[in-house]
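A.B. asks: This is the structure I have questions about; it appears just below.
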Amino acid sequence: MLLIYTSKITARSRYVFRLFFFELLGGEFRMTDNQEEFVAWTGPKFSYGVSSVADELHFASHPLLFESGIKEQPAEVFEWKGNKVFFPVGKKAILPFDPFAAAFYLVSRYEEYLPHIRDLYDRFDAKESLAWKNGFLTKPVVNHWALLVSEILKERFPEMAFKGQQYAYISTIDIDNAYAYREKGFMRTLGGYLKDLLKGDFGNIRDRTKVLFGFKRDPYDTYEFQFGIQKKYNLRTIYFFLVGDYGVNDKNLPIESRKFQSLIKTVGDYAQVGIHPSFGSNANPEKLKQEVNRLGRVLHREVTNSRQHFLKLSFPETYRNLIDLDITDDHTMGFANEIGFRAGICSTFNFYDLDLEMETRLRIHPFAVMDATLKYYMKVPPDEAIQAILPLIEEVRKVNGTFISLWHNESLCDEKQWAGWLSVYEEMTKLAVS
């Protein structure tokens with residue numbers, strides 16, 4: 001048992017020490033603010049604060065974990081042993097920065113509560129983040145800091161042992177548009193034909209007609225391939241279905257479609273299924289509730305997993321809305337326009353509500369790479385995609401984290417704008433599980 005002394009135990013310090021020592025390192029710890037108890041303790045221990053108690057192992061602190069509320073935090077980023085770190089605490093400390101406060105700043109998404117520029121879809125832009133500005137977005141620094149702390153502890157207390165984590169890969173797939181042409185209804189199908197006609201896209205007219213008359217498989221119907229990959233590589237896969245009402249940014253099939261319901265049930269027999277809350281539901285809790293209930297009725301079971309459509313995430317409202325509907329696991333933590341680790345971590349963690357100053361039970365699963373990020377935002381061609389993905393897999397392996405990818409059924413059609421991306425997905429899977 002590790003004993004941690006700090007002059008003031010706060011919700012923030014409890015949260016981050018639990019993250020480090022229980023979640024990431026798999027050890028046992030206890031906190032105390034009693035100096036006499038700490039001095040008398042003969043087992044592994046360290047103090048955390050402005051100054052040490054005696055000559056014990058001491059980690060110097062930044063004020064962040066002893067504060068409440070939200071304010072600008074000057075985060076001076078500097079190089080230390082080849083790594084980017086921030087929140088300096090002085091050269092004489094065992095570490096020149098506070099890994100616990102720095103981890104809390106990243107994992108709580110503190111910077112996303114502060115004033116910032118938002119993108120076209122009202123999202124926090126990756127380029128506004130401390131990690132992107134300072135070149136460490138593609139490194140799970142929180143996991144590295146936890147391992148660094150464990151090495152310091154084991155050097156001082158050789159009897160200490162940490163179970164740690166095991167590397168894992170999870171494939172997640174969003175179903176924004178279950179079929180390209182099928183099940184759209186008369187008006188949407190007619191609109192599709194007129195749109196193609198105005199564009200002079202006779203190839204699309206031909207393909208649509210062949211699909212509708214049963215002469216060709218719908219290009220977005222890639223589910224058999226997905227199930228095959230899942231079986232071949234023994235994957236854990238999670239699917240997220242958009243079941244919201246039709247809108248400008250929400251264009252999946254109507255939930256009344258029996259074939260759409262059948263697809264959801266079939267996928268649910270092969271893998272976990274979660275809700276993909278519509279773009280329009282982010283500012284409308286009642287609409288979100290309706291969508292969760294819709295999916296639950298189709299599956300005949302409780303819906304507990306979620307990922308926001310368009311990765312539209314607003315702190316803390318989005319997560320509070322999910323918690324109110326008994327969602328236990330969210331998979332939105334990642335950027336749309338850059339690959340990497342939005343919260344600086346490649347392991348699951350509990351959401352900390354900064355406004356309420358409390359740890360919640362909502363489990364956050366950060367993903368590292370999305371197909372649309374590579375193609376549309378970073379303009380990476382398919383024959384160069386693996387070069388961008390492999391370093392992320394290797395980073396996650398180094399720290400025994402969980403590599404999570406985000407793909408779409410339509411990007412596996414292997415034609416038109418997505419030609420070549422099917423092989424990227426399988427190659428990524430092969431590398432991630434090997």
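FYI, nothing fancy with the structure tokens labels: chains A, B, ... in order, residues from 1 per chain, ligands from 1 as they appear.
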Taking 5 positions as the minimum chain separation for residues in the same chain, which residues sit within 9 Å of A:Phe100 when counting only C-alpha atoms? Answer as a ChimeraX atom specification.

C.D. replies: /A:13,16-17,20,61-62,65,105,142,145-146

A.B. asks: Atoms to include: N, CA and C atoms. Write the selected residues as a PDB file, in the first residue's frame.

C.D. replies:
ATOM      1  N   SER A  13      -7.234  16.214  -6.398  1.00  0.00           N
ATOM      2  CA  SER A  13      -6.088  15.356  -6.062  1.00  0.00           C
ATOM      3  C   SER A  13      -6.514  13.906  -5.913  1.00  0.00           C
ATOM      4  N   VAL A  16      -6.924  12.527  -9.576  1.00  0.00           N
ATOM      5  CA  VAL A  16      -5.736  12.284 -10.381  1.00  0.00           C
ATOM      6  C   VAL A  16      -4.845  11.206  -9.766  1.00  0.00           C
ATOM      7  N   PHE A  17      -4.794  11.099  -8.433  1.00  0.00           N
ATOM      8  CA  PHE A  17      -4.015  10.016  -7.827  1.00  0.00           C
ATOM      9  C   PHE A  17      -4.672   8.663  -8.079  1.00  0.00           C
ATOM     10  N   PHE A  20      -3.706   7.779 -11.703  1.00  0.00           N
ATOM     11  CA  PHE A  20      -2.330   7.305 -11.822  1.00  0.00           C
ATOM     12  C   PHE A  20      -2.145   5.920 -11.194  1.00  0.00           C
ATOM     13  N   SER A  61       4.487  20.510  -6.003  1.00  0.00           N
ATOM     14  CA  SER A  61       3.169  20.708  -6.618  1.00  0.00           C
ATOM     15  C   SER A  61       3.018  22.049  -7.309  1.00  0.00           C
ATOM     16  N   HIS A  62       2.209  22.028  -8.340  1.00  0.00           N
ATOM     17  CA  HIS A  62       1.666  23.231  -8.967  1.00  0.00           C
ATOM     18  C   HIS A  62       0.345  23.516  -8.239  1.00  0.00           C
ATOM     19  N   LEU A  65      -4.172  21.558  -8.423  1.00  0.00           N
ATOM     20  CA  LEU A  65      -4.970  20.545  -7.724  1.00  0.00           C
ATOM     21  C   LEU A  65      -5.523  21.040  -6.395  1.00  0.00           C
ATOM     22  N   TYR A 105      -4.909  18.668 -15.940  1.00  0.00           N
ATOM     23  CA  TYR A 105      -5.234  19.720 -16.910  1.00  0.00           C
ATOM     24  C   TYR A 105      -5.651  19.120 -18.246  1.00  0.00           C
ATOM     25  N   VAL A 142       0.224  11.446 -20.622  1.00  0.00           N
ATOM     26  CA  VAL A 142      -0.248  11.093 -19.278  1.00  0.00           C
ATOM     27  C   VAL A 142       0.186   9.666 -18.922  1.00  0.00           C
ATOM     28  N   TRP A 145       3.840   9.758 -18.140  1.00  0.00           N
ATOM     29  CA  TRP A 145       4.120  10.343 -16.825  1.00  0.00           C
ATOM     30  C   TRP A 145       3.813   9.357 -15.703  1.00  0.00           C
ATOM     31  N   ALA A 146       2.753   8.571 -15.858  1.00  0.00           N
ATOM     32  CA  ALA A 146       2.417   7.567 -14.848  1.00  0.00           C
ATOM     33  C   ALA A 146       3.534   6.533 -14.740  1.00  0.00           C
TER      34      ALA A 146
END

A.B. asks: Please identify which residues in stretch 82-249 of chain A DSSP calls strand (DSSP E) from the backbone, and express them as a list of chain:residue names.

C.D. replies: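 Those residues are A:Asn83, A:Lys84, A:Val85, A:Ala168, A:Tyr169, A:Ile170, A:Ser171, A:Thr172, A:Ile173, A:Asp174, A:Ile175, A:Arg236, A:Thr237, A:Ile238, A:Tyr239, A:Phe240, A:Phe241.
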
A.B. asks: Would you list the contacts of stretch 396-405 of chain A as an MDAnalysis selection string, taking every protein, DNA or RNA residue within 8 Å and counting only C-alpha atoms, but skipping same-chain residues closer than 6 positions in sequence?

C.D. replies: chainID A and resid 140 143:144 147 164:172 346:348 366:370 432

A.B. asks: Please compute the atom CA of A:Phe240-atom CA of A:Gly274 distance, one decimal, in Å.

C.D. replies: 4.6 Å

A.B. asks: Between atom CA of A:Gln387 and atom CA of A:Thr373, measure the distance and give it in Å to one decimal.

C.D. replies: 14.3 Å

A.B. asks: Do a neighbour search on stretch 331-341 of chain A at 8 Å with only C-alpha atoms, toss out local chain neighbours closer than 3 positions, and write the hits as a VMD selection string.

C.D. replies: chain A and resid 125 to 126 137 to 140 305 to 308 310 to 313 344 to 346 364 to 370 372 to 374 377 to 378 392

A.B. asks: With N, CA and C atoms retained, write the just-selected residues as a compact mmCIF listing (two decimals), in the first residue's frame.

C.D. replies:
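The file below, result_36.txt, is the result:
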# COMPACT_ATOMS: atom_id res chain seq x y z
N ASP A 125 -11.34 23.26 -31.65
CA ASP A 125 -10.43 22.91 -32.73
C ASP A 125 -9.13 22.37 -32.16
N ALA A 126 -8.61 21.30 -32.76
CA ALA A 126 -7.35 20.70 -32.30
C ALA A 126 -6.23 21.72 -32.24
N LEU A 137 0.68 16.26 -29.43
CA LEU A 137 -0.65 15.70 -29.58
C LEU A 137 -0.61 14.21 -29.91
N THR A 138 0.41 13.76 -30.60
CA THR A 138 0.49 12.35 -31.01
C THR A 138 1.22 11.48 -29.99
N LYS A 139 1.38 11.98 -28.78
CA LYS A 139 2.04 11.22 -27.73
C LYS A 139 1.13 11.15 -26.51
N PRO A 140 0.84 9.96 -25.99
CA PRO A 140 -0.01 9.84 -24.79
C PRO A 140 0.80 10.17 -23.54
N ASN A 305 -23.58 2.77 -24.41
CA ASN A 305 -22.43 3.33 -25.12
C ASN A 305 -22.87 4.43 -26.06
N SER A 306 -22.02 5.45 -26.22
CA SER A 306 -22.39 6.59 -27.05
C SER A 306 -21.15 7.20 -27.72
N ARG A 307 -21.37 7.75 -28.92
CA ARG A 307 -20.38 8.64 -29.55
C ARG A 307 -21.12 9.72 -30.32
N GLN A 308 -20.78 10.97 -30.09
CA GLN A 308 -21.46 12.10 -30.71
C GLN A 308 -21.22 12.13 -32.22
N PHE A 310 -20.50 13.88 -35.63
CA PHE A 310 -19.61 15.00 -35.91
C PHE A 310 -18.64 15.26 -34.76
N LEU A 311 -18.55 14.32 -33.81
CA LEU A 311 -17.70 14.49 -32.62
C LEU A 311 -18.02 15.81 -31.92
N LYS A 312 -19.30 16.15 -31.90
CA LYS A 312 -19.72 17.43 -31.34
C LYS A 312 -19.81 17.31 -29.82
N LEU A 313 -18.81 17.91 -29.17
CA LEU A 313 -18.65 17.75 -27.73
C LEU A 313 -18.49 19.11 -27.07
N GLY A 344 -4.53 13.62 -24.03
CA GLY A 344 -3.17 13.25 -23.66
C GLY A 344 -3.03 11.87 -23.08
N ILE A 345 -4.02 11.01 -23.33
CA ILE A 345 -4.05 9.70 -22.69
C ILE A 345 -4.62 8.67 -23.66
N CYS A 346 -4.13 7.43 -23.56
CA CYS A 346 -4.64 6.35 -24.43
C CYS A 346 -5.24 5.22 -23.59
N ILE A 364 -14.78 7.48 -20.15
CA ILE A 364 -14.37 8.08 -21.41
C ILE A 364 -13.36 7.17 -22.10
N HIS A 365 -13.62 6.88 -23.39
CA HIS A 365 -12.75 6.00 -24.18
C HIS A 365 -12.15 6.82 -25.33
N PRO A 366 -10.92 7.31 -25.19
CA PRO A 366 -10.35 8.16 -26.24
C PRO A 366 -9.89 7.37 -27.46
N PHE A 367 -10.22 7.87 -28.64
CA PHE A 367 -9.74 7.23 -29.86
C PHE A 367 -8.55 8.02 -30.41
N ALA A 368 -7.73 7.38 -31.24
CA ALA A 368 -6.50 8.00 -31.71
C ALA A 368 -6.54 8.43 -33.17
N VAL A 369 -7.36 7.75 -33.98
CA VAL A 369 -7.34 8.05 -35.41
C VAL A 369 -8.71 7.80 -36.02
N MET A 370 -9.10 8.68 -36.98
CA MET A 370 -10.37 8.53 -37.70
C MET A 370 -10.09 8.60 -39.20
N ALA A 372 -11.91 9.83 -41.64
CA ALA A 372 -12.23 11.13 -42.23
C ALA A 372 -11.19 12.19 -41.88
N THR A 373 -10.56 12.06 -40.73
CA THR A 373 -9.50 13.00 -40.36
C THR A 373 -8.35 12.91 -41.35
N LEU A 374 -7.94 11.68 -41.63
CA LEU A 374 -6.83 11.47 -42.56
C LEU A 374 -7.18 11.96 -43.96
N TYR A 377 -9.36 16.14 -43.67
CA TYR A 377 -8.70 17.25 -42.98
C TYR A 377 -7.19 17.28 -43.23
N MET A 378 -6.55 16.12 -43.12
CA MET A 378 -5.10 16.07 -43.27
C MET A 378 -4.66 15.78 -44.70
N LEU A 392 1.20 5.97 -34.07
CA LEU A 392 0.22 6.03 -32.98
C LEU A 392 0.08 4.67 -32.31

A.B. asks: Compare A:Leu57, A:Leu299, A:Ala283, A:Met358 by their minimum atom-to-atom distance to A:Thr10, counting only C-alpha atoms, and give me the closest one.

C.D. replies: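 Smallest distance to A:Thr10 is found for A:Met358.
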
A.B. asks: With distances taken over only C-alpha atoms, which of A:Tyr181, A:Phe87, A:Phe29, A:Tyr239 is nearest to A:Gln226?

C.D. replies: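 Answer, going by the shortest atom-to-atom distance: A:Tyr239.
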
A.B. asks: If you run DSSP over the backbone, which residues in stretch 177-331 of chain A end up alpha helix (DSSP H)? Put them as a ChimeraX atom specification.

C.D. replies: /A:186-199,202-212,223-232,258-270,285-299,317-324

A.B. asks: Excluding same-chain residues fewer than 4 positions from A:Phe227, what lies within 10 Å of it counting only C-alpha atoms, as a PyMOL selection string?

C.D. replies: chain A and resi 222-223+231-232+235+237+267+270-271

A.B. asks: If we count only C-alpha atoms, what is near A:Ser281 at a cut-off of 8 Å, once residues fewer than 6 positions away on the same chain are taken out, given as number ranges by chain?

C.D. replies: A: 244, 287-288

A.B. asks: Find the residues around A:Lys216 up to 8 Å (only C-alpha atoms counted), leave out those fewer than 5 positions away in its own chain, and share them as a PyMOL selection string.

C.D. replies: chain A and resi 207+210-211

A.B. asks: Let me see the file: selected residues, C-alpha atoms, as an mmCIF file, in the first residue's frame.

C.D. replies:
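Full text of again-v1.cif as output:
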data_model
loop_
_atom_site.group_PDB
_atom_site.id
_atom_site.type_symbol
_atom_site.label_atom_id
_atom_site.label_comp_id
_atom_site.auth_asym_id
_atom_site.auth_seq_id
_atom_site.Cartn_x
_atom_site.Cartn_y
_atom_site.Cartn_z
ATOM 1 C CA ASP A 207 -25.446 2.759 -59.795
ATOM 2 C CA LYS A 210 -28.912 -1.025 -60.247
ATOM 3 C CA VAL A 211 -28.990 -1.053 -56.438
#

A.B. asks: For A:Leu95, which residue among A:Leu422, A:Leu148, A:Ala54, A:Ile117 is the nearest when counting only C-alpha atoms?

C.D. replies: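 Closest to A:Leu95, using only C-alpha atoms: A:Leu148.
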
A.B. asks: Let me make sure I understand: among A:Asn249, A:Gln230, A:Asn293, A:Ser150, which one has the smallest atom-to-atom distance to A:Gly27 if we use only C-alpha atoms?

C.D. replies: A:Ser150
